>>> print(open('protein08.cif').read())   # mmCIF, C-alpha atoms
data_model
#
loop_
_atom_site.label_atom_id
_atom_site.label_comp_id
_atom_site.auth_asym_id
_atom_site.auth_seq_id
_atom_site.Cartn_x
_atom_site.Cartn_y
_atom_site.Cartn_z
CA MET A 1 122.69 107.43 122.17
CA VAL A 2 119.30 106.94 120.61
CA LYS A 3 116.62 109.30 121.85
CA LEU A 4 113.25 107.83 122.77
CA ARG A 5 110.57 110.49 122.36
CA ILE A 6 106.81 110.55 122.55
CA VAL A 7 105.08 111.49 119.29
CA SER A 8 101.58 111.15 117.96
CA PHE A 9 100.10 107.97 116.54
CA MET A 10 99.31 109.69 113.26
CA ALA A 11 102.96 110.58 112.82
CA ALA A 12 103.86 106.91 113.30
CA LEU A 13 101.48 105.89 110.57
CA LEU A 14 102.79 108.52 108.18
CA VAL A 15 106.35 107.35 108.60
CA MET A 16 105.67 103.64 108.07
CA PRO A 17 103.23 102.74 105.27
CA SER A 18 101.19 99.57 105.33
CA LEU A 19 102.65 96.65 103.36
CA LEU A 20 101.65 93.07 102.59
CA ILE A 21 102.84 90.00 104.49
CA ALA A 22 103.70 88.04 101.38
CA CYS A 23 105.85 85.58 103.28
CA SER A 24 102.82 83.92 104.84
CA GLN A 25 100.84 83.79 101.62
CA ASN A 26 103.19 82.62 98.88
CA GLY A 27 106.64 81.24 98.41
CA GLU A 28 107.57 82.71 95.07
CA ASN A 29 110.75 84.72 94.95
CA GLY A 30 110.29 88.16 93.43
CA LYS A 31 106.50 88.02 93.23
CA LYS A 32 104.88 91.47 93.07
CA SER A 33 101.93 92.77 95.07
CA GLN A 34 100.43 96.10 96.00
CA ASN A 35 101.06 97.79 99.29
CA GLY A 36 98.61 100.01 101.18
CA ASP A 37 99.47 102.97 98.93
CA GLY A 38 98.69 101.05 95.74
CA GLN A 39 102.37 100.76 94.85
CA GLN A 40 104.01 97.52 93.81
CA THR A 41 106.60 95.96 96.08
CA VAL A 42 109.00 93.17 95.16
CA GLN A 43 108.90 90.50 97.86
CA LYS A 44 111.96 88.37 98.58
CA THR A 45 110.70 85.13 100.10
CA GLU A 46 113.45 82.65 99.28
CA TYR A 47 116.65 82.28 101.29
CA LYS A 48 119.88 81.77 99.37
CA GLY A 49 122.39 82.57 102.07
CA GLY A 50 123.69 79.06 102.60
CA PRO A 51 124.35 77.25 105.91
CA ALA A 52 124.10 79.54 108.92
CA GLU A 53 124.06 79.20 112.70
CA LEU A 54 122.36 81.93 114.69
CA LEU A 55 122.99 82.54 118.37
CA VAL A 56 119.74 83.79 119.90
CA LEU A 57 119.81 85.51 123.29
CA ASP A 58 116.61 85.55 125.32
CA VAL A 59 116.84 88.53 127.66
CA ASN A 60 113.42 88.50 129.27
CA THR A 61 110.71 87.03 127.05
CA GLY A 62 110.40 83.84 129.06
CA THR A 63 110.55 81.67 125.95
CA THR A 64 111.00 78.09 127.14
CA ASP A 65 113.19 75.54 125.37
CA GLU A 66 110.06 73.83 124.08
CA GLN A 67 108.59 77.10 122.78
CA PHE A 68 111.87 78.10 121.19
CA LYS A 69 111.91 74.86 119.23
CA LYS A 70 108.22 75.06 118.28
CA PHE A 71 107.97 78.75 117.33
CA PHE A 72 111.49 79.57 116.20
CA VAL A 73 113.50 76.49 115.20
CA ASP A 74 110.93 74.19 113.58
CA PRO A 75 109.24 76.71 111.22
CA VAL A 76 112.61 77.79 109.82
CA LYS A 77 114.03 74.26 109.67
CA ALA A 78 110.98 73.06 107.74
CA LYS A 79 111.74 75.52 104.97
CA TYR A 80 115.50 76.02 105.26
CA PRO A 81 117.26 73.05 106.94
CA GLN A 82 120.60 74.81 106.55
CA ILE A 83 119.64 77.45 109.13
CA ASN A 84 120.40 76.38 112.69
CA LEU A 85 119.29 78.30 115.80
CA VAL A 86 120.98 78.05 119.19
CA GLN A 87 119.37 79.66 122.23
CA THR A 88 121.35 81.21 125.08
CA ARG A 89 120.42 82.99 128.29
CA ASP A 90 123.92 84.15 129.16
CA PRO A 91 124.09 87.85 130.10
CA LEU A 92 124.69 90.14 127.14
CA ASP A 93 127.82 91.67 128.63
CA LYS A 94 129.29 88.20 129.10
CA LEU A 95 128.66 87.29 125.47
CA LEU A 96 130.17 90.55 124.25
CA ALA A 97 133.22 90.16 126.47
CA ALA A 98 133.75 86.64 125.15
CA GLY A 99 133.61 87.84 121.54
CA THR A 100 130.47 85.82 120.83
CA PRO A 101 127.79 88.48 120.29
CA PRO A 102 124.27 87.17 119.67
CA ASP A 103 122.89 87.25 116.14
CA MET A 104 119.42 87.92 117.52
CA VAL A 105 118.06 89.17 120.82
CA LEU A 106 114.59 88.43 122.22
CA VAL A 107 113.52 91.26 124.50
CA SER A 108 110.49 93.14 125.81
CA ASN A 109 109.80 96.71 124.78
CA PRO A 110 110.53 98.17 128.25
CA ALA A 111 113.97 96.52 128.20
CA LEU A 112 114.97 97.54 124.67
CA ALA A 113 116.79 100.60 126.04
CA THR A 114 119.53 98.35 127.42
CA ILE A 115 120.02 96.67 124.03
CA LEU A 116 120.16 100.07 122.36
CA GLU A 117 122.83 101.13 124.86
CA ALA A 118 124.94 98.25 123.56
CA ASP A 119 124.44 99.51 119.97
CA ILE A 120 123.10 96.15 118.77
CA PRO A 121 119.72 96.58 117.02
CA GLU A 122 119.54 96.84 113.27
CA ASP A 123 116.96 99.19 111.78
CA LEU A 124 114.50 96.80 110.12
CA THR A 125 112.72 99.47 108.07
CA ALA A 126 114.34 98.31 104.82
CA MET A 127 113.74 94.65 105.66
CA VAL A 128 110.04 95.34 106.32
CA LYS A 129 109.69 96.97 102.90
CA THR A 130 111.78 94.39 101.05
CA TYR A 131 109.85 91.42 102.39
CA GLY A 132 106.46 93.15 102.28
CA ILE A 133 105.58 92.81 105.95
CA ASP A 134 102.20 94.41 106.64
CA LEU A 135 102.52 96.48 109.81
CA GLY A 136 98.92 97.52 109.25
CA ARG A 137 97.84 94.01 110.25
CA MET A 138 99.59 94.31 113.61
CA ASP A 139 98.10 95.76 116.76
CA GLN A 140 98.64 99.47 116.19
CA ALA A 141 99.57 100.17 119.79
CA VAL A 142 102.54 97.84 119.23
CA VAL A 143 103.50 99.49 115.93
CA GLN A 144 103.19 102.94 117.49
CA GLN A 145 105.40 101.91 120.42
CA MET A 146 108.04 100.44 118.09
CA MET A 147 108.18 103.66 116.07
CA LYS A 148 108.43 105.67 119.26
CA LEU A 149 111.33 103.53 120.47
CA GLY A 150 113.10 104.30 117.18
CA ASP A 151 112.47 108.05 117.42
CA GLN A 152 110.16 107.69 114.38
CA LYS A 153 113.25 107.01 112.26
CA ALA A 154 113.87 103.30 112.83
CA PHE A 155 112.13 99.99 113.52
CA TYR A 156 114.47 98.22 115.90
CA GLY A 157 112.77 94.86 116.36
CA MET A 158 110.08 92.58 115.00
CA PRO A 159 107.20 92.17 117.51
CA PHE A 160 106.11 88.54 117.76
CA ALA A 161 103.96 88.30 120.90
CA MET A 162 102.22 90.78 123.15
CA ASN A 163 100.46 91.04 126.46
CA TYR A 164 97.33 92.83 127.58
CA GLY A 165 96.34 94.12 130.95
CA ALA A 166 93.25 92.45 132.41
CA THR A 167 91.37 92.05 135.67
CA VAL A 168 90.55 88.58 136.92
CA TYR A 169 87.83 88.38 139.58
CA ASN A 170 86.40 85.71 141.87
CA LYS A 171 82.64 85.53 141.24
CA ASP A 172 82.12 83.37 144.35
CA ILE A 173 83.34 86.17 146.63
CA PHE A 174 81.14 88.74 144.91
CA ASP A 175 78.17 86.38 145.30
CA LYS A 176 78.98 85.67 148.93
CA PHE A 177 78.83 89.35 149.89
CA GLY A 178 76.08 90.38 147.49
CA VAL A 179 78.25 92.74 145.44
CA SER A 180 77.62 93.18 141.71
CA TYR A 181 80.32 91.84 139.40
CA PRO A 182 82.75 94.37 137.91
CA LYS A 183 81.77 96.07 134.68
CA GLU A 184 83.77 95.08 131.61
CA VAL A 185 85.41 98.52 131.65
CA MET A 186 85.93 100.35 134.95
CA THR A 187 87.97 103.12 136.49
CA TYR A 188 90.39 102.86 139.40
CA GLU A 189 87.89 104.74 141.53
CA GLU A 190 85.19 102.17 140.80
CA MET A 191 87.60 99.35 141.57
CA LEU A 192 88.61 101.07 144.81
CA GLU A 193 84.98 101.28 145.99
CA MET A 194 84.41 97.59 145.22
CA GLY A 195 87.62 96.78 147.03
CA LYS A 196 86.32 98.52 150.15
CA LYS A 197 83.12 96.44 150.12
CA LEU A 198 84.96 93.17 149.68
CA THR A 199 87.84 93.60 152.14
CA ARG A 200 86.40 92.08 155.31
CA ALA A 201 86.61 89.23 157.80
CA ASP A 202 83.94 86.56 157.64
CA GLY A 203 83.72 83.26 159.50
CA GLY A 204 87.33 83.48 160.61
CA THR A 205 88.56 84.18 157.07
CA ASP A 206 90.12 87.48 156.00
CA TYR A 207 89.12 88.55 152.48
CA ILE A 208 91.00 91.13 150.41
CA GLY A 209 88.94 93.06 147.86
CA VAL A 210 91.64 93.91 145.36
CA MET A 211 95.39 93.81 144.93
CA PRO A 212 96.26 97.04 143.08
CA PRO A 213 98.96 97.18 140.40
CA ASP A 214 102.45 98.13 141.49
CA LEU A 215 103.53 101.75 141.23
CA ARG A 216 105.58 101.12 138.09
CA GLN A 217 102.53 99.94 136.14
CA MET A 218 100.45 102.88 137.36
CA TYR A 219 103.12 105.42 136.42
CA TRP A 220 103.54 103.85 133.00
CA GLN A 221 99.80 103.98 132.42
CA TYR A 222 99.98 107.76 132.82
CA GLY A 223 103.10 108.00 130.64
CA LEU A 224 105.23 109.13 133.58
CA PRO A 225 108.98 108.40 133.39
CA VAL A 226 111.10 108.09 136.53
CA PHE A 227 114.29 109.37 134.89
CA ASP A 228 114.75 112.73 133.17
CA LYS A 229 117.15 112.23 130.27
CA THR A 230 117.55 115.94 129.68
CA LYS A 231 118.78 116.51 133.22
CA GLY A 232 120.41 113.10 133.54
CA LYS A 233 118.73 112.55 136.89
CA ALA A 234 116.03 110.46 138.53
CA SER A 235 112.83 112.48 138.56
CA PHE A 236 109.57 111.42 140.18
CA THR A 237 108.48 114.30 142.45
CA SER A 238 106.07 116.03 140.06
CA ASP A 239 102.46 116.68 141.04
CA LYS A 240 101.33 113.92 138.67
CA HIS A 241 103.70 111.38 140.24
CA ALA A 242 102.37 112.33 143.68
CA GLN A 243 98.78 112.07 142.42
CA VAL A 244 99.29 108.50 141.21
CA PHE A 245 101.05 107.57 144.46
CA ALA A 246 98.14 109.02 146.43
CA LEU A 247 95.69 106.83 144.50
CA LEU A 248 97.78 103.75 145.19
CA LYS A 249 97.87 104.66 148.88
CA GLN A 250 94.06 104.66 148.99
CA PHE A 251 94.05 100.98 148.06
CA TYR A 252 96.57 100.15 150.76
CA SER A 253 94.58 102.23 153.26
CA ILE A 254 91.39 100.14 152.97
CA PRO A 255 90.69 98.92 156.53
CA GLY A 256 91.85 95.34 156.80
CA TYR A 257 94.17 95.47 153.80
CA VAL A 258 97.42 95.87 155.75
CA GLN A 259 97.92 92.78 157.90
CA ASP A 260 100.77 92.39 160.40
CA GLY A 261 102.71 95.17 158.74
CA LYS A 262 102.36 93.62 155.28
CA TYR A 263 100.97 95.91 152.62
CA ARG A 264 101.37 93.45 149.74
CA HIS A 265 99.75 90.08 149.42
CA SER A 266 100.81 86.96 147.61
CA THR A 267 99.07 86.02 144.39
CA ASP A 268 98.23 82.78 146.21
CA LEU A 269 95.39 84.66 147.93
CA PHE A 270 93.56 84.81 144.62
CA PHE A 271 94.69 81.74 142.71
CA LYS A 272 95.20 79.24 145.52
CA GLU A 273 93.37 80.32 148.65
CA GLN A 274 90.46 82.11 146.95
CA ARG A 275 90.53 84.95 149.49
CA MET A 276 91.04 87.82 147.05
CA ALA A 277 88.20 89.21 144.93
CA MET A 278 90.02 91.13 142.15
CA PHE A 279 93.50 91.14 140.71
CA PRO A 280 94.54 93.38 137.77
CA ASN A 281 97.68 92.27 135.97
CA LEU A 282 98.92 90.95 132.63
CA ILE A 283 96.76 88.28 131.03
CA ALA A 284 99.76 85.98 130.49
CA ALA A 285 100.44 86.06 134.23
CA PHE A 286 97.01 84.55 134.94
CA ASN A 287 97.89 81.61 132.71
CA ILE A 288 101.01 80.96 134.79
CA PHE A 289 99.38 81.52 138.19
CA PHE A 290 96.39 79.26 137.51
CA THR A 291 98.64 76.55 136.10
CA ASN A 292 100.92 76.65 139.14
CA ALA A 293 98.00 76.69 141.58
CA GLY A 294 96.01 74.04 139.73
CA THR A 295 92.73 75.76 140.64
CA LYS A 296 91.28 76.95 137.34
CA ASP A 297 88.13 74.90 137.98
CA ALA A 298 88.07 75.21 141.77
CA PHE A 299 85.92 78.37 141.84
CA LYS A 300 83.93 80.62 139.54
CA TRP A 301 85.94 83.43 137.96
CA ASP A 302 85.89 85.70 134.95
CA LEU A 303 87.67 88.59 133.27
CA ALA A 304 87.21 92.33 132.88
CA ALA A 305 89.42 94.99 131.32
CA PHE A 306 92.36 96.53 133.15
CA PRO A 307 91.18 99.62 135.09
CA SER A 308 91.84 103.11 133.73
CA TYR A 309 92.12 106.57 135.27
CA SER A 310 88.93 108.61 135.43
CA ASP A 311 90.55 111.34 133.32
CA ARG A 312 91.93 108.80 130.82
CA GLN A 313 89.08 106.37 130.54
CA GLY A 314 89.68 103.57 128.07
CA ALA A 315 93.47 103.80 128.38
CA GLY A 316 94.57 100.46 129.80
CA LEU A 317 97.85 99.06 131.01
CA VAL A 318 100.89 100.10 129.03
CA VAL A 319 101.53 98.22 125.80
CA ASP A 320 103.72 95.23 126.54
CA PHE A 321 105.21 93.00 123.89
CA HIS A 322 108.16 90.84 122.95
CA MET A 323 110.31 91.43 119.89
CA ALA A 324 113.15 89.79 118.00
CA VAL A 325 116.09 92.14 117.45
CA VAL A 326 118.67 91.50 114.73
CA ASN A 327 122.30 92.34 115.46
CA LYS A 328 123.32 94.93 112.88
CA SER A 329 126.86 93.52 112.96
CA GLY A 330 125.75 89.93 112.51
CA LYS A 331 127.20 87.84 109.66
CA ASN A 332 123.97 85.98 108.89
CA LYS A 333 121.32 88.66 108.75
CA GLU A 334 119.53 87.12 105.78
CA ALA A 335 119.04 83.96 107.82
CA ALA A 336 117.81 86.06 110.76
CA TYR A 337 115.24 87.68 108.49
CA GLN A 338 113.78 84.25 107.74
CA VAL A 339 113.26 83.73 111.45
CA LEU A 340 111.37 87.02 111.63
CA LEU A 341 109.22 86.10 108.63
CA GLY A 342 108.29 82.83 110.28
CA LEU A 343 107.40 84.53 113.57
CA VAL A 344 104.88 86.92 111.98
CA SER A 345 103.30 84.29 109.73
CA GLU A 346 99.69 83.41 110.44
CA ASN A 347 100.66 79.82 111.18
CA VAL A 348 103.16 80.64 113.95
CA GLN A 349 101.02 83.48 115.31
CA THR A 350 98.12 81.03 115.64
CA MET A 351 100.32 78.53 117.47
CA LEU A 352 101.57 81.28 119.78
CA SER A 353 98.00 82.35 120.51
CA LYS A 354 96.87 78.80 121.29
CA ALA A 355 99.83 78.42 123.64
CA GLY A 356 98.79 81.48 125.65
CA ARG A 357 100.99 84.15 124.05
CA LEU A 358 98.81 86.86 122.58
CA SER A 359 99.31 87.40 118.86
CA VAL A 360 100.60 90.76 117.59
CA LEU A 361 98.33 90.33 114.57
CA ASN A 362 95.05 92.18 114.92
CA ASP A 363 93.14 89.13 113.74
CA PRO A 364 89.99 88.14 115.67
CA GLY A 365 90.26 84.56 114.47
CA ILE A 366 93.76 84.20 115.90
CA ARG A 367 92.88 85.99 119.13
CA ASN A 368 89.78 83.85 119.63
CA VAL A 369 91.94 80.74 119.99
CA TYR A 370 94.06 82.37 122.70
CA GLY A 371 94.99 79.84 125.37
CA SER A 372 92.97 77.07 123.72
CA ASP A 373 95.78 74.54 124.16
CA SER A 374 94.93 74.53 127.87
CA ASP A 375 91.25 75.60 127.71
CA LEU A 376 92.02 77.98 130.58
CA PHE A 377 89.91 80.79 129.17
CA LYS A 378 87.16 78.63 127.70
CA GLY A 379 83.81 80.23 128.53
CA LYS A 380 85.49 83.35 129.97
CA ASN A 381 84.87 86.90 128.78
CA LEU A 382 88.26 87.20 127.12
CA GLN A 383 87.07 89.84 124.66
CA ALA A 384 86.47 92.26 127.55
CA ILE A 385 90.20 92.86 127.90
CA PHE A 386 90.35 94.35 124.40
CA LYS A 387 87.76 97.03 125.23
CA VAL A 388 90.51 99.34 126.45
CA THR A 389 93.50 100.51 124.45
CA PRO A 390 97.05 99.93 125.73
CA SER A 391 98.79 103.09 126.92
CA LEU A 392 102.17 104.07 125.51
CA LEU A 393 105.30 103.34 127.50
CA PRO A 394 107.11 106.50 128.67
CA GLU A 395 110.75 107.13 127.86
CA ALA A 396 112.89 104.32 129.22
CA SER A 397 116.43 104.30 130.56
CA LYS A 398 118.92 101.78 131.89
CA TYR A 399 118.32 103.18 135.39
CA ASP A 400 114.60 102.39 135.43
CA PRO A 401 114.65 98.85 136.90
CA LYS A 402 116.55 99.87 140.02
CA ILE A 403 114.65 103.15 140.41
CA ASN A 404 111.33 101.33 140.12
CA GLY A 405 112.50 98.78 142.66
CA LEU A 406 113.30 101.59 145.10
CA LEU A 407 109.87 103.17 144.55
CA ASN A 408 107.95 99.92 144.89
CA GLU A 409 109.69 98.82 148.04
CA GLU A 410 111.37 101.43 150.21
CA VAL A 411 109.39 104.52 149.19
CA THR A 412 106.02 102.74 149.24
CA LYS A 413 106.74 101.18 152.64
CA SER A 414 107.73 104.56 154.10
CA VAL A 415 104.32 105.96 153.14
CA VAL A 416 102.04 102.99 153.85
CA ILE A 417 103.68 101.59 156.97
CA ASP A 418 105.77 104.43 158.41
CA GLY A 419 103.24 107.18 157.70
CA ILE A 420 105.66 109.49 155.89
CA ASP A 421 104.09 112.29 153.83
CA ILE A 422 103.96 111.34 150.14
CA ASN A 423 105.85 114.41 148.87
CA THR A 424 108.54 113.91 151.50
CA ALA A 425 108.86 110.20 150.71
CA LEU A 426 109.16 110.86 146.97
CA ARG A 427 111.73 113.61 147.52
CA ASN A 428 113.81 111.35 149.79
CA GLY A 429 113.51 108.53 147.29
CA GLU A 430 114.58 110.73 144.40
CA GLU A 431 117.68 111.87 146.27
CA LYS A 432 118.58 108.28 147.11
CA ALA A 433 118.00 107.14 143.53
CA ASN A 434 120.36 109.77 142.17
CA LYS A 435 123.00 108.96 144.76
CA GLU A 436 122.84 105.16 144.82
CA VAL A 437 121.55 104.29 141.34
CA VAL A 438 122.29 106.99 138.77
CA ASN A 439 125.73 107.99 140.06
CA VAL A 440 126.75 104.35 140.40
CA LEU A 441 125.62 103.23 136.94
CA LYS A 442 126.92 106.26 135.00
#
>>> encode(input="protein08.cif", output="structure tokens")
Amino acid sequence: MVKLRIVSFMAALLVMPSLLIACSQNGENGKKSQNGDGQQTVQKTEYKGGPAELLVLDVNTGTTDEQFKKFFVDPVKAKYPQINLVQTRDPLDKLLAAGTPPDMVLVSNPALATILEADIPEDLTAMVKTYGIDLGRMDQAVVQQMMKLGDQKAFYGMPFAMNYGATVYNKDIFDKFGVSYPKEVMTYEEMLEMGKKLTRADGGTDYIGVMPPDLRQMYWQYGLPVFDKTKGKASFTSDKHAQVFALLKQFYSIPGYVQDGKYRHSTDLFFKEQRMAMFPNLIAAFNIFFTNAGTKDAFKWDLAAFPSYSDRQGAGLVVDFHMAVVNKSGKNKEAAYQVLLGLVSENVQTMLSKAGRLSVLNDPGIRNVYGSDSDLFKGKNLQAIFKVTPSLLPEASKYDPKINGLLNEEVTKSVVIDGIDINTALRNGEEKANKEVVNVLK
């Protein structure tokens, strides 16, 4: 069982030196260059592994068939026609039971724990050095999170796209009620006060000032796990857990927010009905919601950074990214490496950015074309979202999804609707989680 521990950013940088991405700059096999320490590194950029077919499992990255072809298949095929990629979305346990394990797995950083449980990921540290991949050019919150997931001893996946927290707001509603627009960077307390001013009924229409993040996102932002690996039990009754829950309750307690016993509102209120003033979430989600609603030009809107806690100002939503994991038991790992090299090339990263998937490369030029294929963010203050730094994800476990579901639904409802004391609700929820989630999944 691989331990996932929190360590400092400086330690992450000391363990993994900066190297050059030679694969995107030349095609000469064995060409030498200098890494960040001034040392020469031999870069293998040519594939000589012969015909290979790779089964690629997409666990939860949402990569469509069209995107898979454009970002994965085509770049590799153009250089090495003998490498064939086949995408599958079958459950991992089904593939393993059938004796057809995936050669690669596409997964988000919060869900990597499940893939580690299956003992699949190869440590890519040697591959990074051999091929001269420059981790120093990547968003350092992503690199830091990857090192943390590998206990500072391994690099279990190649990040290829990331997400950033952001706040989208309806300027028309702010104008209607004479409230100043949100600052680029704001705290939860500031957002709460604006939410109070903008949650009101007017002309027969009920307006909601802000839809707060779910409890999972708020816990993550503080680095709070919901499972204690040392004790092997669900654990979310600490003072800090209660503090975050109390803040969330303040949003739900704004007069007029709870309607007919409903304490959550559909995203349609913002994107379709234009009755919600602010909505903090992941930037990629806005792309999807606006596209589905077809209202990107129906009202005036703009972006601000994701809110932060007053005692952790500048710390935004937890770092969220997608990675490609190589099966350490795979027969065609050299071919898989070529897929990784293509994914982190400037060409593919630019295409990903244009398509609305934020590049992992810390390159302003690539980030400035984000979403340009649809012009969704044209004229919007997209750079505001980068004025906060992503927080680190706390230790993850295979129990987290079900525990978080219990917290977000049953425990939250017991506090907001049933009026149960927060400490009592968390204690009851913890007991239920250990009985109905942990004991069942052990």
>>> resolve_selection(input="protein08.cif", expression="the PyMOL selection byres ((chain A and resi 306) around 8)", output="short mmCIF file (atom, residue, chain, number, x, y, z; two decimals) with C-alpha atoms, keeping the file's coordinate frame")
data_model
loop_
_atom_site.label_atom_id
_atom_site.label_comp_id
_atom_site.auth_asym_id
_atom_site.auth_seq_id
_atom_site.Cartn_x
_atom_site.Cartn_y
_atom_site.Cartn_z
CA GLY A 165 96.34 94.12 130.95
CA ALA A 166 93.25 92.45 132.41
CA THR A 167 91.37 92.05 135.67
CA VAL A 185 85.41 98.52 131.65
CA MET A 186 85.93 100.35 134.95
CA PRO A 280 94.54 93.38 137.77
CA ASN A 281 97.68 92.27 135.97
CA ALA A 304 87.21 92.33 132.88
CA ALA A 305 89.42 94.99 131.32
CA PRO A 307 91.18 99.62 135.09
CA SER A 308 91.84 103.11 133.73
CA GLY A 316 94.57 100.46 129.80
CA LEU A 317 97.85 99.06 131.01
CA ILE A 385 90.20 92.86 127.90
CA VAL A 388 90.51 99.34 126.45
#
>>> residues_around(input="protein08.cif", residues="Ile288 (chain A)", least_positions_apart="3", cutoff="12 Å", atoms="all atoms listed in the file", output="PDB file with C-alpha atoms, in the coordinates of the input")
ATOM      1  CA  GLY A  62     110.400  83.840 129.060  1.00  0.00           C
ATOM      2  CA  THR A 267      99.070  86.020 144.390  1.00  0.00           C
ATOM      3  CA  ASP A 268      98.230  82.780 146.210  1.00  0.00           C
ATOM      4  CA  PHE A 271      94.690  81.740 142.710  1.00  0.00           C
ATOM      5  CA  ASN A 281      97.680  92.270 135.970  1.00  0.00           C
ATOM      6  CA  LEU A 282      98.920  90.950 132.630  1.00  0.00           C
ATOM      7  CA  ILE A 283      96.760  88.280 131.030  1.00  0.00           C
ATOM      8  CA  ALA A 284      99.760  85.980 130.490  1.00  0.00           C
ATOM      9  CA  ALA A 285     100.440  86.060 134.230  1.00  0.00           C
ATOM     10  CA  THR A 291      98.640  76.550 136.100  1.00  0.00           C
ATOM     11  CA  ASN A 292     100.920  76.650 139.140  1.00  0.00           C
ATOM     12  CA  ALA A 293      98.000  76.690 141.580  1.00  0.00           C
ATOM     13  CA  GLY A 294      96.010  74.040 139.730  1.00  0.00           C
ATOM     14  CA  THR A 295      92.730  75.760 140.640  1.00  0.00           C
ATOM     15  CA  LYS A 296      91.280  76.950 137.340  1.00  0.00           C
ATOM     16  CA  ALA A 355      99.830  78.420 123.640  1.00  0.00           C
ATOM     17  CA  GLY A 356      98.790  81.480 125.650  1.00  0.00           C
ATOM     18  CA  ARG A 357     100.990  84.150 124.050  1.00  0.00           C
ATOM     19  CA  GLY A 371      94.990  79.840 125.370  1.00  0.00           C
ATOM     20  CA  SER A 374      94.930  74.530 127.870  1.00  0.00           C
ATOM     21  CA  LEU A 376      92.020  77.980 130.580  1.00  0.00           C
TER      22      LEU A 376
END
>>> resolve_selection(input="protein08.cif", expression="the PyMOL selection byres ((chain A and resi 248) around 9)", output="PyMOL selection string")
chain A and resi 212-215+218+243-247+249-253
>>> closest_atom_pairs(input="protein08.cif", of="region 192-261 of chain A", to="region 420-431 of chain A", cutoff="7 Å", atoms="only C-alpha atoms", output="JSON lines")
{"residue": "A:Ala234", "atom": "CA", "partner": "A:Glu430", "partner_atom": "CA", "distance": 6.1}
{"residue": "A:Ser235", "atom": "CA", "partner": "A:Glu430", "partner_atom": "CA", "distance": 6.3}
{"residue": "A:Phe236", "atom": "CA", "partner": "A:Glu430", "partner_atom": "CA", "distance": 6.6}
{"residue": "A:Thr237", "atom": "CA", "partner": "A:Leu426", "partner_atom": "CA", "distance": 5.7}
{"residue": "A:Ala242", "atom": "CA", "partner": "A:Asn423", "partner_atom": "CA", "distance": 6.6}
>>> closest_residue(input="protein08.cif", among="A:Ala298, A:Met104, A:Ala97, A:Leu406", to="Lys331 (chain A)", atoms="all atoms listed in the file")
A:Met104
>>> residues_around(input="protein08.cif", residues="Tyr80 (chain A)", least_positions_apart="2", cutoff="12 Å", atoms="all atoms listed in the file", output="VMD selection string")
chain A and resid 45 to 53 73 to 78 82 to 85 334 to 336 338 to 339 342
>>> resolve_selection(input="protein08.cif", expression="the PyMOL selection byres ((chain A and resi 106-114) around 6)", output="PyMOL selection string")
chain A and resi 58-61+105+115-117+321-324+397-398
>>> atom_distance(input="protein08.cif", atom1="CA of Ile173 (chain A)", atom2="CA of Leu269 (chain A)")
12.2 Å
>>> atom_distance(input="protein08.cif", atom1="CA of Ala396 (chain A)", atom2="CA of Thr64 (chain A)")
26.4 Å
>>> atom_distance(input="protein08.cif", atom1="CA of Lys387 (chain A)", atom2="CA of Ser372 (chain A)")
20.7 Å
>>> residues_around(input="protein08.cif", residues="region 193-199 of chain A", least_positions_apart="3", cutoff="12 Å", atoms="all atoms listed in the file", output="PyMOL selection string")
chain A and resi 169-183+186-190+202+205-212+250-259+275-279
>>> closest_residue(input="protein08.cif", among="A:Tyr309, A:Ser238, A:Phe286, A:Gly136", to="Met191 (chain A)", atoms="all atoms listed in the file")
A:Tyr309
>>> closest_residue(input="protein08.cif", among="A:Asn327, A:Thr389, A:Gln217, A:Gln145", to="Leu407 (chain A)", atoms="only C-alpha atoms")
A:Gln217
>>> closest_residue(input="protein08.cif", among="A:Val360, A:Arg312, A:Leu382, A:Ile366", to="Asn347 (chain A)", atoms="only C-alpha atoms")
A:Ile366
>>> build_atoms(input="protein08.cif", residues="region 316-322 of chain A", atoms="N, CA and C atoms", output="PDB file, keeping the file's coordinate frame")
ATOM      1  N   GLY A 316      94.232 101.566 128.913  1.00  0.00           N
ATOM      2  CA  GLY A 316      94.570 100.460 129.800  1.00  0.00           C
ATOM      3  C   GLY A 316      96.035 100.424 130.189  1.00  0.00           C
ATOM      4  N   LEU A 317      96.457  99.250 130.622  1.00  0.00           N
ATOM      5  CA  LEU A 317      97.850  99.060 131.010  1.00  0.00           C
ATOM      6  C   LEU A 317      98.753  99.333 129.814  1.00  0.00           C
ATOM      7  N   VAL A 318      99.955  99.746 130.091  1.00  0.00           N
ATOM      8  CA  VAL A 318     100.890 100.100 129.030  1.00  0.00           C
ATOM      9  C   VAL A 318     101.089  98.932 128.069  1.00  0.00           C
ATOM     10  N   VAL A 319     101.303  99.253 126.800  1.00  0.00           N
ATOM     11  CA  VAL A 319     101.530  98.220 125.800  1.00  0.00           C
ATOM     12  C   VAL A 319     102.772  97.423 126.171  1.00  0.00           C
ATOM     13  N   ASP A 320     102.636  96.110 126.128  1.00  0.00           N
ATOM     14  CA  ASP A 320     103.720  95.230 126.540  1.00  0.00           C
ATOM     15  C   ASP A 320     103.856  94.139 125.479  1.00  0.00           C
ATOM     16  N   PHE A 321     105.034  94.020 124.917  1.00  0.00           N
ATOM     17  CA  PHE A 321     105.210  93.000 123.890  1.00  0.00           C
ATOM     18  C   PHE A 321     106.651  92.526 123.831  1.00  0.00           C
ATOM     19  N   HIS A 322     106.836  91.415 123.143  1.00  0.00           N
ATOM     20  CA  HIS A 322     108.160  90.840 122.950  1.00  0.00           C
ATOM     21  C   HIS A 322     108.544  90.979 121.489  1.00  0.00           C
TER      22      HIS A 322
END
